[in-house]
$ cat upload06.txt   # compact mmCIF, C-alpha atoms
# COMPACT_ATOMS: atom_id res chain seq x y z
CA MET A 1 -106.19 -115.44 -85.72
CA ASP A 2 -106.31 -112.01 -84.12
CA ARG A 3 -104.22 -108.94 -84.76
CA LEU A 4 -102.78 -107.75 -81.45
CA ALA A 5 -102.81 -104.19 -80.16
CA ASN A 6 -99.90 -104.01 -77.73
CA THR A 7 -98.66 -101.73 -74.97
CA VAL A 8 -95.23 -100.09 -75.03
CA ARG A 9 -93.68 -99.69 -71.57
CA PRO A 10 -91.70 -96.43 -71.05
CA TYR A 11 -89.06 -97.65 -68.59
CA ALA A 12 -86.21 -95.19 -68.03
CA TRP A 13 -83.57 -97.53 -69.51
CA GLY A 14 -85.41 -97.81 -72.83
CA SER A 15 -84.07 -96.56 -76.15
CA THR A 16 -85.76 -93.47 -77.57
CA THR A 17 -85.24 -94.61 -81.18
CA ALA A 18 -84.98 -98.41 -81.59
CA LEU A 19 -88.68 -99.32 -81.34
CA PRO A 20 -89.85 -96.33 -83.41
CA GLU A 21 -87.37 -97.32 -86.15
CA LEU A 22 -88.70 -100.89 -86.21
CA LEU A 23 -92.35 -99.80 -86.09
CA GLY A 24 -91.92 -96.98 -88.60
CA THR A 25 -93.24 -94.37 -86.17
CA ALA A 26 -91.86 -91.00 -85.13
CA PRO A 27 -89.81 -90.94 -81.90
CA THR A 28 -91.53 -89.14 -79.05
CA GLY A 29 -88.32 -88.19 -77.28
CA GLU A 30 -89.30 -90.46 -74.39
CA PRO A 31 -87.82 -93.92 -73.74
CA GLN A 32 -89.70 -96.85 -75.29
CA ALA A 33 -88.33 -99.91 -73.53
CA GLU A 34 -90.60 -102.92 -74.10
CA MET A 35 -93.61 -103.87 -76.18
CA TRP A 36 -95.58 -106.66 -74.50
CA MET A 37 -97.44 -109.34 -76.46
CA GLY A 38 -99.56 -111.73 -74.47
CA ALA A 39 -102.03 -111.92 -71.61
CA HIS A 40 -99.95 -110.71 -68.68
CA PRO A 41 -102.24 -108.77 -66.29
CA GLY A 42 -99.76 -105.88 -66.17
CA ALA A 43 -100.34 -104.97 -69.83
CA PRO A 44 -102.40 -107.55 -71.76
CA SER A 45 -102.65 -107.28 -75.53
CA ARG A 46 -106.03 -106.34 -76.98
CA ILE A 47 -108.00 -108.03 -79.74
CA ASP A 48 -111.20 -107.22 -81.59
CA ARG A 49 -113.45 -110.00 -82.91
CA GLY A 50 -116.18 -107.65 -84.05
CA ALA A 51 -117.76 -106.67 -80.73
CA GLY A 52 -115.12 -104.08 -79.79
CA PRO A 53 -111.66 -104.37 -78.22
CA VAL A 54 -111.15 -106.74 -75.30
CA SER A 55 -107.99 -107.87 -73.58
CA LEU A 56 -106.50 -111.17 -74.67
CA ALA A 57 -106.56 -112.20 -71.01
CA GLU A 58 -110.35 -111.75 -70.91
CA ALA A 59 -110.80 -113.77 -74.10
CA ILE A 60 -108.73 -116.63 -72.70
CA ASP A 61 -110.51 -116.52 -69.33
CA ALA A 62 -113.86 -116.84 -71.11
CA ALA A 63 -112.91 -120.05 -72.97
CA PRO A 64 -109.48 -121.42 -71.97
CA GLU A 65 -109.60 -124.70 -73.90
CA ALA A 66 -110.93 -123.10 -77.09
CA GLU A 67 -108.17 -120.49 -77.03
CA LEU A 68 -105.24 -122.47 -75.62
CA GLY A 69 -106.11 -126.06 -76.45
CA ALA A 70 -106.63 -128.95 -74.05
CA ASP A 71 -102.91 -129.90 -74.02
CA ALA A 72 -101.74 -126.46 -72.87
CA VAL A 73 -104.49 -126.13 -70.26
CA ARG A 74 -103.67 -129.56 -68.89
CA ALA A 75 -99.95 -128.75 -68.70
CA PHE A 76 -100.01 -125.13 -67.52
CA GLY A 77 -103.53 -124.29 -66.39
CA PRO A 78 -106.08 -121.92 -68.01
CA ARG A 79 -103.56 -119.11 -68.63
CA LEU A 80 -101.19 -118.27 -71.48
CA PRO A 81 -97.90 -119.48 -69.93
CA PHE A 82 -95.54 -117.13 -71.77
CA LEU A 83 -95.01 -113.44 -72.47
CA LEU A 84 -93.39 -112.23 -75.70
CA LYS A 85 -91.66 -108.85 -75.86
CA LEU A 86 -89.72 -106.53 -78.07
CA LEU A 87 -86.99 -105.16 -75.79
CA ALA A 88 -85.06 -101.99 -76.65
CA ALA A 89 -82.27 -101.17 -74.20
CA GLY A 90 -80.72 -97.72 -74.46
CA SER A 91 -78.89 -98.04 -71.14
CA PRO A 92 -78.17 -100.95 -68.75
CA LEU A 93 -81.01 -102.76 -67.03
CA SER A 94 -80.65 -103.83 -63.42
CA LEU A 95 -78.33 -106.72 -62.63
CA GLN A 96 -80.69 -109.51 -61.60
CA VAL A 97 -81.52 -113.18 -61.11
CA HIS A 98 -84.76 -115.16 -61.19
CA PRO A 99 -85.80 -117.95 -58.80
CA ASP A 100 -86.55 -121.52 -59.79
CA LEU A 101 -90.11 -122.80 -59.47
CA ALA A 102 -89.70 -124.22 -55.96
CA GLN A 103 -88.04 -121.01 -54.70
CA ALA A 104 -90.77 -118.88 -56.25
CA LYS A 105 -93.55 -120.92 -54.65
CA GLU A 106 -91.83 -120.85 -51.27
CA GLY A 107 -90.97 -117.14 -51.43
CA PHE A 108 -94.43 -116.09 -52.61
CA ALA A 109 -96.16 -118.15 -49.92
CA ASP A 110 -93.87 -116.71 -47.23
CA GLU A 111 -94.52 -113.09 -48.23
CA GLU A 112 -98.26 -113.76 -48.48
CA ARG A 113 -98.19 -115.32 -45.03
CA ARG A 114 -96.33 -112.30 -43.61
CA GLY A 115 -98.80 -109.91 -45.23
CA VAL A 116 -96.28 -108.08 -47.43
CA PRO A 117 -98.36 -105.96 -49.86
CA ILE A 118 -98.06 -107.21 -53.44
CA ASP A 119 -97.05 -103.71 -54.61
CA ALA A 120 -94.58 -103.04 -51.76
CA GLY A 121 -91.19 -101.80 -52.89
CA HIS A 122 -89.41 -104.40 -50.74
CA ARG A 123 -91.50 -107.34 -51.98
CA ASN A 124 -89.42 -109.97 -53.84
CA TYR A 125 -92.07 -112.39 -55.15
CA LYS A 126 -95.00 -111.05 -57.17
CA ASP A 127 -96.27 -114.53 -58.04
CA ALA A 128 -95.52 -118.22 -57.48
CA ASN A 129 -93.92 -118.88 -60.87
CA HIS A 130 -90.38 -119.06 -62.18
CA LYS A 131 -89.12 -116.71 -64.90
CA PRO A 132 -86.73 -118.34 -67.34
CA GLU A 133 -86.21 -116.13 -70.39
CA LEU A 134 -84.68 -116.10 -73.86
CA ILE A 135 -83.40 -113.01 -75.69
CA VAL A 136 -82.67 -113.04 -79.44
CA ALA A 137 -80.74 -110.10 -80.88
CA LEU A 138 -82.28 -108.13 -83.73
CA THR A 139 -79.35 -105.66 -83.72
CA PRO A 140 -75.89 -105.95 -82.18
CA PHE A 141 -76.73 -106.54 -78.52
CA ASP A 142 -74.57 -106.21 -75.40
CA GLY A 143 -75.28 -108.05 -72.18
CA LEU A 144 -73.89 -109.76 -69.10
CA CYS A 145 -74.65 -113.43 -68.49
CA GLY A 146 -73.34 -115.81 -65.85
CA PHE A 147 -70.14 -115.80 -63.81
CA ARG A 148 -66.70 -115.68 -65.34
CA HIS A 149 -64.22 -118.25 -64.11
CA PRO A 150 -62.73 -116.79 -60.91
CA ALA A 151 -59.23 -116.63 -62.38
CA GLN A 152 -60.50 -114.59 -65.33
CA ALA A 153 -62.42 -112.24 -63.03
CA ALA A 154 -59.30 -111.87 -60.87
CA ASP A 155 -57.20 -110.89 -63.89
CA LEU A 156 -59.80 -108.33 -64.97
CA LEU A 157 -60.00 -106.74 -61.52
CA ALA A 158 -56.23 -106.82 -61.00
CA GLY A 159 -55.71 -105.06 -64.33
CA LEU A 160 -57.54 -102.01 -62.98
CA GLY A 161 -54.72 -101.34 -60.51
CA VAL A 162 -57.08 -100.28 -57.70
CA ASP A 163 -55.65 -101.23 -54.30
CA ASP A 164 -59.07 -101.71 -52.66
CA LEU A 165 -59.82 -104.51 -55.14
CA LYS A 166 -56.78 -106.59 -54.12
CA PRO A 167 -58.61 -108.55 -51.37
CA TYR A 168 -61.24 -109.61 -53.94
CA VAL A 169 -58.50 -110.60 -56.39
CA ASP A 170 -56.79 -112.73 -53.72
CA ILE A 171 -60.04 -114.53 -52.86
CA LEU A 172 -60.80 -115.23 -56.52
CA ARG A 173 -57.34 -116.72 -57.02
CA ALA A 174 -57.10 -118.76 -53.81
CA SER A 175 -60.58 -120.13 -53.01
CA PRO A 176 -62.60 -122.90 -54.68
CA GLU A 177 -64.85 -121.61 -57.47
CA GLU A 178 -68.21 -121.51 -55.71
CA ASP A 179 -66.73 -120.19 -52.45
CA ALA A 180 -64.74 -117.49 -54.26
CA LEU A 181 -67.68 -116.16 -56.24
CA ARG A 182 -70.03 -116.25 -53.25
CA GLU A 183 -67.56 -114.53 -50.93
CA VAL A 184 -66.70 -111.72 -53.33
CA LEU A 185 -70.28 -111.03 -54.36
CA THR A 186 -71.36 -111.02 -50.71
CA ALA A 187 -68.55 -108.64 -49.76
CA VAL A 188 -69.32 -106.22 -52.60
CA LEU A 189 -73.07 -106.07 -51.92
CA SER A 190 -72.68 -105.90 -48.14
CA ALA A 191 -69.93 -103.25 -48.02
CA GLU A 192 -70.40 -99.87 -46.35
CA HIS A 193 -71.91 -97.59 -48.98
CA HIS A 194 -69.43 -94.70 -48.92
CA ALA A 195 -66.38 -96.96 -49.05
CA ILE A 196 -67.66 -99.15 -51.90
CA ALA A 197 -68.84 -96.12 -53.87
CA ASP A 198 -65.34 -94.64 -53.75
CA THR A 199 -63.84 -97.95 -54.91
CA VAL A 200 -66.36 -98.14 -57.76
CA GLU A 201 -65.49 -94.61 -58.91
CA ARG A 202 -61.75 -95.37 -59.03
CA ALA A 203 -62.39 -98.67 -60.80
CA ALA A 204 -64.57 -96.87 -63.37
CA VAL A 205 -61.88 -94.29 -64.11
CA ALA A 206 -59.33 -97.06 -64.61
CA ALA A 207 -61.69 -99.06 -66.83
CA ASP A 208 -62.33 -96.02 -69.01
CA ARG A 209 -58.58 -95.44 -69.42
CA LEU A 210 -57.85 -99.09 -70.23
CA ALA A 211 -60.69 -99.19 -72.77
CA ALA A 212 -59.18 -96.20 -74.58
CA GLU A 213 -55.70 -97.76 -74.56
CA GLY A 214 -56.92 -100.95 -76.24
CA GLY A 215 -55.67 -104.40 -75.37
CA PRO A 216 -57.21 -107.84 -74.93
CA HIS A 217 -59.85 -106.69 -72.41
CA ALA A 218 -60.66 -103.30 -73.99
CA ASP A 219 -64.25 -104.22 -74.94
CA ASP A 220 -64.94 -105.55 -71.45
CA TYR A 221 -63.47 -102.49 -69.75
CA ALA A 222 -65.48 -100.22 -72.07
CA ALA A 223 -68.70 -102.04 -71.12
CA TYR A 224 -68.01 -101.73 -67.38
CA ALA A 225 -67.01 -98.06 -67.71
CA GLY A 226 -70.30 -97.47 -69.55
CA ILE A 227 -72.25 -99.20 -66.78
CA ALA A 228 -70.50 -97.03 -64.18
CA HIS A 229 -71.39 -93.91 -66.16
CA HIS A 230 -75.08 -94.76 -65.80
CA TYR A 231 -74.81 -95.98 -62.19
CA PRO A 232 -71.97 -94.03 -60.52
CA GLY A 233 -70.86 -95.53 -57.23
CA ASP A 234 -73.26 -98.48 -57.47
CA PRO A 235 -71.77 -101.71 -56.02
CA GLY A 236 -73.46 -103.52 -58.90
CA VAL A 237 -70.67 -102.18 -61.14
CA LEU A 238 -68.16 -104.39 -59.30
CA ALA A 239 -70.62 -107.29 -59.25
CA ALA A 240 -70.93 -106.89 -63.02
CA MET A 241 -67.18 -107.36 -63.40
CA LEU A 242 -67.60 -110.92 -62.12
CA LEU A 243 -69.86 -111.73 -65.09
CA ASN A 244 -69.29 -112.63 -68.71
CA HIS A 245 -69.63 -109.69 -71.09
CA VAL A 246 -71.44 -110.92 -74.22
CA GLN A 247 -71.81 -109.19 -77.59
CA LEU A 248 -74.54 -110.87 -79.64
CA GLN A 249 -74.89 -110.50 -83.37
CA PRO A 250 -78.38 -110.45 -84.97
CA GLY A 251 -79.96 -113.90 -84.71
CA GLU A 252 -77.84 -115.00 -81.77
CA ALA A 253 -79.50 -115.59 -78.41
CA LEU A 254 -79.01 -116.07 -74.67
CA PHE A 255 -81.07 -118.32 -72.42
CA LEU A 256 -81.28 -117.15 -68.80
CA GLY A 257 -82.24 -119.96 -66.45
CA ALA A 258 -82.94 -119.77 -62.73
CA GLY A 259 -80.19 -118.33 -60.54
CA ILE A 260 -78.08 -116.99 -63.42
CA PRO A 261 -77.06 -113.35 -62.82
CA HIS A 262 -77.52 -111.22 -65.91
CA ALA A 263 -78.21 -107.77 -67.30
CA TYR A 264 -78.97 -106.36 -70.74
CA LEU A 265 -76.83 -103.34 -71.62
CA ASN A 266 -77.75 -102.11 -75.09
CA GLY A 267 -79.58 -103.23 -78.21
CA LEU A 268 -82.90 -104.41 -79.66
CA GLY A 269 -84.13 -107.96 -79.27
CA VAL A 270 -87.06 -110.36 -79.13
CA GLU A 271 -87.55 -111.67 -75.60
CA LEU A 272 -89.68 -114.65 -74.57
CA MET A 273 -90.25 -115.64 -70.96
CA ALA A 274 -92.47 -117.54 -68.60
CA ASN A 275 -95.39 -115.43 -67.39
CA SER A 276 -93.87 -114.08 -64.15
CA ASP A 277 -92.66 -110.85 -62.50
CA ASN A 278 -90.21 -112.42 -60.05
CA VAL A 279 -86.89 -110.53 -60.02
CA LEU A 280 -84.16 -110.39 -57.37
CA ARG A 281 -81.80 -107.50 -58.03
CA CYS A 282 -78.03 -107.43 -57.48
CA GLY A 283 -77.47 -103.77 -58.28
CA LEU A 284 -77.54 -101.14 -61.07
CA THR A 285 -80.87 -99.95 -59.74
CA PRO A 286 -82.37 -97.60 -57.15
CA LYS A 287 -84.85 -100.37 -56.29
CA HIS A 288 -84.74 -102.73 -53.32
CA VAL A 289 -81.83 -105.20 -53.15
CA ASP A 290 -82.48 -108.05 -50.68
CA VAL A 291 -78.92 -109.38 -50.30
CA PRO A 292 -79.70 -112.48 -48.13
CA GLU A 293 -82.53 -113.65 -50.42
CA LEU A 294 -80.45 -112.90 -53.49
CA LEU A 295 -77.57 -115.02 -52.20
CA ARG A 296 -80.02 -117.87 -51.53
CA VAL A 297 -81.16 -117.85 -55.16
CA VAL A 298 -77.93 -117.17 -57.08
CA ARG A 299 -76.16 -120.16 -58.60
CA PHE A 300 -72.44 -119.65 -58.05
CA GLU A 301 -71.36 -121.59 -61.12
CA ALA A 302 -68.80 -120.26 -63.60
CA GLY A 303 -68.79 -120.89 -67.33
CA ASP A 304 -69.16 -119.21 -70.67
CA ALA A 305 -72.34 -117.36 -71.51
CA GLY A 306 -73.67 -120.11 -73.79
CA VAL A 307 -74.60 -118.14 -76.90
CA LEU A 308 -77.41 -119.92 -78.78
CA ARG A 309 -77.92 -120.12 -82.51
CA PRO A 310 -81.09 -121.55 -84.06
CA GLU A 311 -81.30 -125.05 -85.45
CA ALA A 312 -83.12 -125.46 -88.78
CA VAL A 313 -85.87 -128.09 -88.78
CA ASP A 314 -87.94 -128.31 -91.98
CA GLY A 315 -87.44 -124.62 -92.73
CA GLU A 316 -88.21 -123.46 -89.17
CA GLU A 317 -85.25 -122.13 -87.17
CA ILE A 318 -85.74 -123.22 -83.55
CA TYR A 319 -84.04 -121.84 -80.44
CA GLU A 320 -83.80 -124.90 -78.21
CA THR A 321 -84.21 -124.37 -74.44
CA PRO A 322 -84.97 -126.75 -71.54
CA ILE A 323 -88.30 -125.03 -70.84
CA ASP A 324 -91.80 -126.26 -71.71
CA GLU A 325 -93.68 -123.00 -71.01
CA PHE A 326 -92.31 -121.47 -74.19
CA ARG A 327 -90.56 -122.20 -77.45
CA LEU A 328 -89.26 -119.58 -79.87
CA SER A 329 -88.56 -120.10 -83.54
CA ARG A 330 -88.05 -118.01 -86.64
CA PHE A 331 -89.07 -118.16 -90.30
CA ALA A 332 -87.25 -116.40 -93.12
CA LEU A 333 -89.87 -116.08 -95.86
CA ALA A 334 -88.89 -115.41 -99.48
CA PRO A 335 -91.07 -113.98 -102.27
CA GLY A 336 -92.35 -116.60 -104.68
CA ALA A 337 -91.82 -119.49 -102.27
CA ALA A 338 -94.62 -121.97 -101.71
CA PRO A 339 -96.99 -121.11 -98.85
CA ARG A 340 -95.68 -122.41 -95.55
CA PRO A 341 -98.30 -124.43 -93.60
CA LEU A 342 -98.43 -123.78 -89.87
CA VAL A 343 -100.64 -125.57 -87.36
CA SER A 344 -100.30 -126.29 -83.67
CA ARG A 345 -102.38 -127.87 -80.91
CA THR A 346 -101.14 -125.08 -78.64
CA PRO A 347 -101.53 -121.26 -78.75
CA GLN A 348 -99.12 -119.13 -80.74
CA ILE A 349 -98.08 -115.49 -81.03
CA LEU A 350 -96.53 -114.54 -84.36
CA LEU A 351 -94.34 -111.42 -84.62
CA CYS A 352 -92.99 -109.84 -87.80
CA THR A 353 -89.59 -108.16 -87.40
CA ALA A 354 -88.66 -107.42 -91.02
CA GLY A 355 -90.37 -107.11 -94.41
CA THR A 356 -94.00 -108.17 -94.83
CA VAL A 357 -95.62 -111.45 -93.81
CA ARG A 358 -99.10 -112.62 -94.81
CA LEU A 359 -101.08 -115.07 -92.67
CA ARG A 360 -103.97 -116.90 -94.28
CA ASP A 361 -106.41 -118.75 -92.04
CA GLY A 362 -107.52 -122.14 -93.29
CA GLY A 363 -109.86 -122.82 -90.37
CA ALA A 364 -109.49 -124.94 -87.25
CA ASP A 365 -109.53 -128.56 -86.20
CA ALA A 366 -113.07 -129.84 -85.85
CA GLY A 367 -114.53 -129.73 -82.40
CA ASP A 368 -112.22 -127.16 -80.80
CA GLY A 369 -114.72 -124.31 -80.96
CA ALA A 370 -112.36 -121.95 -82.76
CA GLY A 371 -113.34 -122.19 -86.40
CA ALA A 372 -114.60 -118.67 -87.07
CA GLY A 373 -112.84 -116.62 -89.68
CA ALA A 374 -111.67 -119.44 -91.97
CA GLY A 375 -110.22 -118.04 -95.18
CA SER A 376 -109.36 -114.62 -93.74
CA GLU A 377 -105.97 -113.02 -94.31
CA LEU A 378 -103.80 -110.83 -92.11
CA THR A 379 -100.73 -108.88 -93.20
CA LEU A 380 -98.04 -108.07 -90.65
CA ALA A 381 -95.44 -105.33 -90.99
CA PRO A 382 -92.38 -104.97 -88.71
CA GLY A 383 -93.41 -104.84 -85.07
CA GLU A 384 -96.94 -106.16 -85.75
CA SER A 385 -98.15 -109.40 -84.20
CA ALA A 386 -101.03 -111.87 -84.10
CA PHE A 387 -102.47 -114.36 -81.64
CA VAL A 388 -103.35 -117.76 -83.12
CA ARG A 389 -105.70 -120.02 -81.20
CA ALA A 390 -104.88 -123.68 -80.69
CA GLY A 391 -105.83 -125.87 -83.64
CA GLU A 392 -105.97 -123.15 -86.28
CA HIS A 393 -104.48 -123.97 -89.69
CA LEU A 394 -102.46 -121.14 -91.25
CA THR A 395 -100.29 -120.63 -94.27
CA LEU A 396 -97.42 -118.12 -94.31
CA THR A 397 -96.21 -116.19 -97.35
CA GLY A 398 -94.33 -112.97 -97.93
CA ASP A 399 -90.87 -111.47 -97.91
CA GLY A 400 -89.77 -111.04 -94.33
CA THR A 401 -88.89 -112.50 -90.93
CA LEU A 402 -91.47 -113.95 -88.57
CA PHE A 403 -90.88 -115.09 -84.98
CA ARG A 404 -93.18 -117.76 -83.56
CA ALA A 405 -93.77 -118.11 -79.80
CA THR A 406 -95.60 -121.18 -78.56
CA VAL A 407 -95.41 -123.84 -75.83
CA VAL A 408 -94.22 -127.43 -75.61
CA ALA A 409 -97.16 -129.55 -74.46
$ encode --input "upload06.txt" --output "structure tokens"
Amino acid sequence: MDRLANTVRPYAWGSTTALPELLGTAPTGEPQAEMWMGAHPGAPSRIDRGAGPVSLAEAIDAAPEAELGADAVRAFGPRLPFLLKLLAAGSPLSLQVHPDLAQAKEGFADEERRGVPIDAGHRNYKDANHKPELIVALTPFDGLCGFRHPAQAADLLAGLGVDDLKPYVDILRASPEEDALREVLTAVLSAEHHAIADTVERAAVAADRLAAEGGPHADDYAAYAGIAHHYPGDPGVLAAMLLNHVQLQPGEALFLGAGIPHAYLNGLGVELMANSDNVLRCGLTPKHVDVPELLRVVRFEAGDAGVLRPEAVDGEEIYETPIDEFRLSRFALAPGAAPRPLVSRTPQILLCTAGTVRLRDGGADAGDGAGAGAGSELTLAPGESAFVRAGEHLTLTGDGTLFRATVVA
């Protein structure tokens, strides 16, 4: 097992306090948005096995089967197929969707064929992989996830009393579900900028007033008014009103599959995703919004947000998702409890989020080439993490919470 040294990304939407509070470090005054744990080329974790620090990506490239195990390499190739993050949102992230695997392969190949530079601002596909993701709240966490039923969205928009929204309300009430959602989202994102910005401003003022007055939709109106405060005049504010507003409590989670529009608004969470950078934005951003490609990828399906809660299996709390590239689970360790054995044929990243967790290495399965360090011990404090090679036998003890990211292979 290897202690990970990880990079914190200073995106503008990041909280200035949430990650420092978890890590026990002093705030810098600058946003600290995400801490990445894994082998993503954008910010790979670093390990030190006695010869000096190297990136986890380099270690895996040097011996994929020894690090990842034959099952994972056979299923996903010689790369760690997931990326684990601590995500700390101090203001709303962009409203976005991710492509499915076939769309990602097609889109990436098309942009490669057309010679679009990989770092171009208007490029949609950075790689040929999909990007399903799971977010688990560590604090109360606000987000948007999936389309509301059109009738509910119509009631919310009508309640604002803004005349320019009436055509959208009529469409949502009269058209079939998929047609209604597609037509309204297309109209909002394709509207002339000055006109839609004025409508957004009047809708934001109304939402702020209604939030202060209370009522059945007060929390929703407050969330949309807050979004508009950060992104004044952005058409994504109206697009956001078509989506479910979700307030997660610690331990609750959201799974974001392909084509599901979503945005994180505020809070600290553990995020696990497939190893991809593919994002198509709907708004709430100064970055490129490719409306035709976005509309090709979005799934215009209404429903509730689908809040997940973990299922306990032999003392391990598992967040079930339909994805093989990653699986996230959680252990609540108590002082004095018997050591918890932990072994897997696939690679793991272990992250402590509360208390203190001790990992003791009992060695590795014979023949996998990863037996060094048997009998060593590693102590993790909040925000600290470790990479565990395939086949290693560990025991867990301590008084704290440990998240486990691995794959299904």
$ residues_near_point --input "upload06.txt" --point "(-106.2, -111.3, -97.4)" --cutoff "8 Å" --atoms "only C-alpha atoms" --output "JSON, numbers by chain"
{"A": [358, 359, 360, 376, 377, 378, 379]}
$ closest_residue --input "upload06.txt" --among "A:Met1, A:Val169, A:Val298, A:Met35" --to "A:Leu87" --atoms "all atoms listed in the file"
A:Met35
$ residues_around --input "upload06.txt" --residues "A:Asn278" --least-positions-apart "2" --cutoff "8 Å" --atoms "all atoms listed in the file" --output "ChimeraX atom specification"
/A:98-99,104,124-127,129-131,276,280
$ write_last_selection --input "upload06.txt" --atoms "C-alpha atoms" --output "PDB file, in the coordinates of the input"
ATOM      1  CA  HIS A  98     -84.760-115.160 -61.190  1.00  0.00           C
ATOM      2  CA  PRO A  99     -85.800-117.950 -58.800  1.00  0.00           C
ATOM      3  CA  ALA A 104     -90.770-118.880 -56.250  1.00  0.00           C
ATOM      4  CA  ASN A 124     -89.420-109.970 -53.840  1.00  0.00           C
ATOM      5  CA  TYR A 125     -92.070-112.390 -55.150  1.00  0.00           C
ATOM      6  CA  LYS A 126     -95.000-111.050 -57.170  1.00  0.00           C
ATOM      7  CA  ASP A 127     -96.270-114.530 -58.040  1.00  0.00           C
ATOM      8  CA  ASN A 129     -93.920-118.880 -60.870  1.00  0.00           C
ATOM      9  CA  HIS A 130     -90.380-119.060 -62.180  1.00  0.00           C
ATOM     10  CA  LYS A 131     -89.120-116.710 -64.900  1.00  0.00           C
ATOM     11  CA  SER A 276     -93.870-114.080 -64.150  1.00  0.00           C
ATOM     12  CA  LEU A 280     -84.160-110.390 -57.370  1.00  0.00           C
TER      13      LEU A 280
END
$ residues_around --input "upload06.txt" --residues "A:Glu316" --least-positions-apart "3" --cutoff "7 Å" --atoms "all atoms listed in the file" --output "VMD selection string"
chain A and resid 312 to 313 329 to 331
$ atom_distance --input "upload06.txt" --atom1 "atom CA of A:Ile135" --atom2 "atom CA of A:Asp179"
29.5 Å
$ closest_residue --input "upload06.txt" --among "A:Leu308, A:Leu56, A:Ala204, A:Leu268" --to "A:Leu68" --atoms "all atoms listed in the file"
A:Leu56
$ atom_distance --input "upload06.txt" --atom1 "atom CA of A:Gly226" --atom2 "atom CA of A:Ile260"
21.9 Å
$ closest_residue --input "upload06.txt" --among "A:Ala203, A:Val97, A:Val357, A:Ala305" --to "A:Pro335" --atoms "only C-alpha atoms"
A:Val357
$ atom_distance --input "upload06.txt" --atom1 "atom CA of A:Asp234" --atom2 "atom CA of A:Leu210"
20.0 Å
$ residues_around --input "upload06.txt" --residues "stretch 20-26 of chain A" --least-positions-apart "2" --cutoff "7 Å" --atoms "only C-alpha atoms" --output "list in words"
Thr17, Ala18, Thr28, Pro382 and Gly383 of chain A
$ residues_around --input "upload06.txt" --residues "A:Leu172" --least-positions-apart "2" --cutoff "6 Å" --atoms "all atoms listed in the file" --output "list in words"
Pro150, Ala154, Val169, Asp170, Ala174 and Ala180 of chain A
$ write_last_selection --input "upload06.txt" --atoms "C-alpha atoms" --output "PDB file, keeping the file's coordinate frame"
ATOM      1  CA  PRO A 150     -62.730-116.790 -60.910  1.00  0.00           C
ATOM      2  CA  ALA A 154     -59.300-111.870 -60.870  1.00  0.00           C
ATOM      3  CA  VAL A 169     -58.500-110.600 -56.390  1.00  0.00           C
ATOM      4  CA  ASP A 170     -56.790-112.730 -53.720  1.00  0.00           C
ATOM      5  CA  ALA A 174     -57.100-118.760 -53.810  1.00  0.00           C
ATOM      6  CA  ALA A 180     -64.740-117.490 -54.260  1.00  0.00           C
TER       7      ALA A 180
END
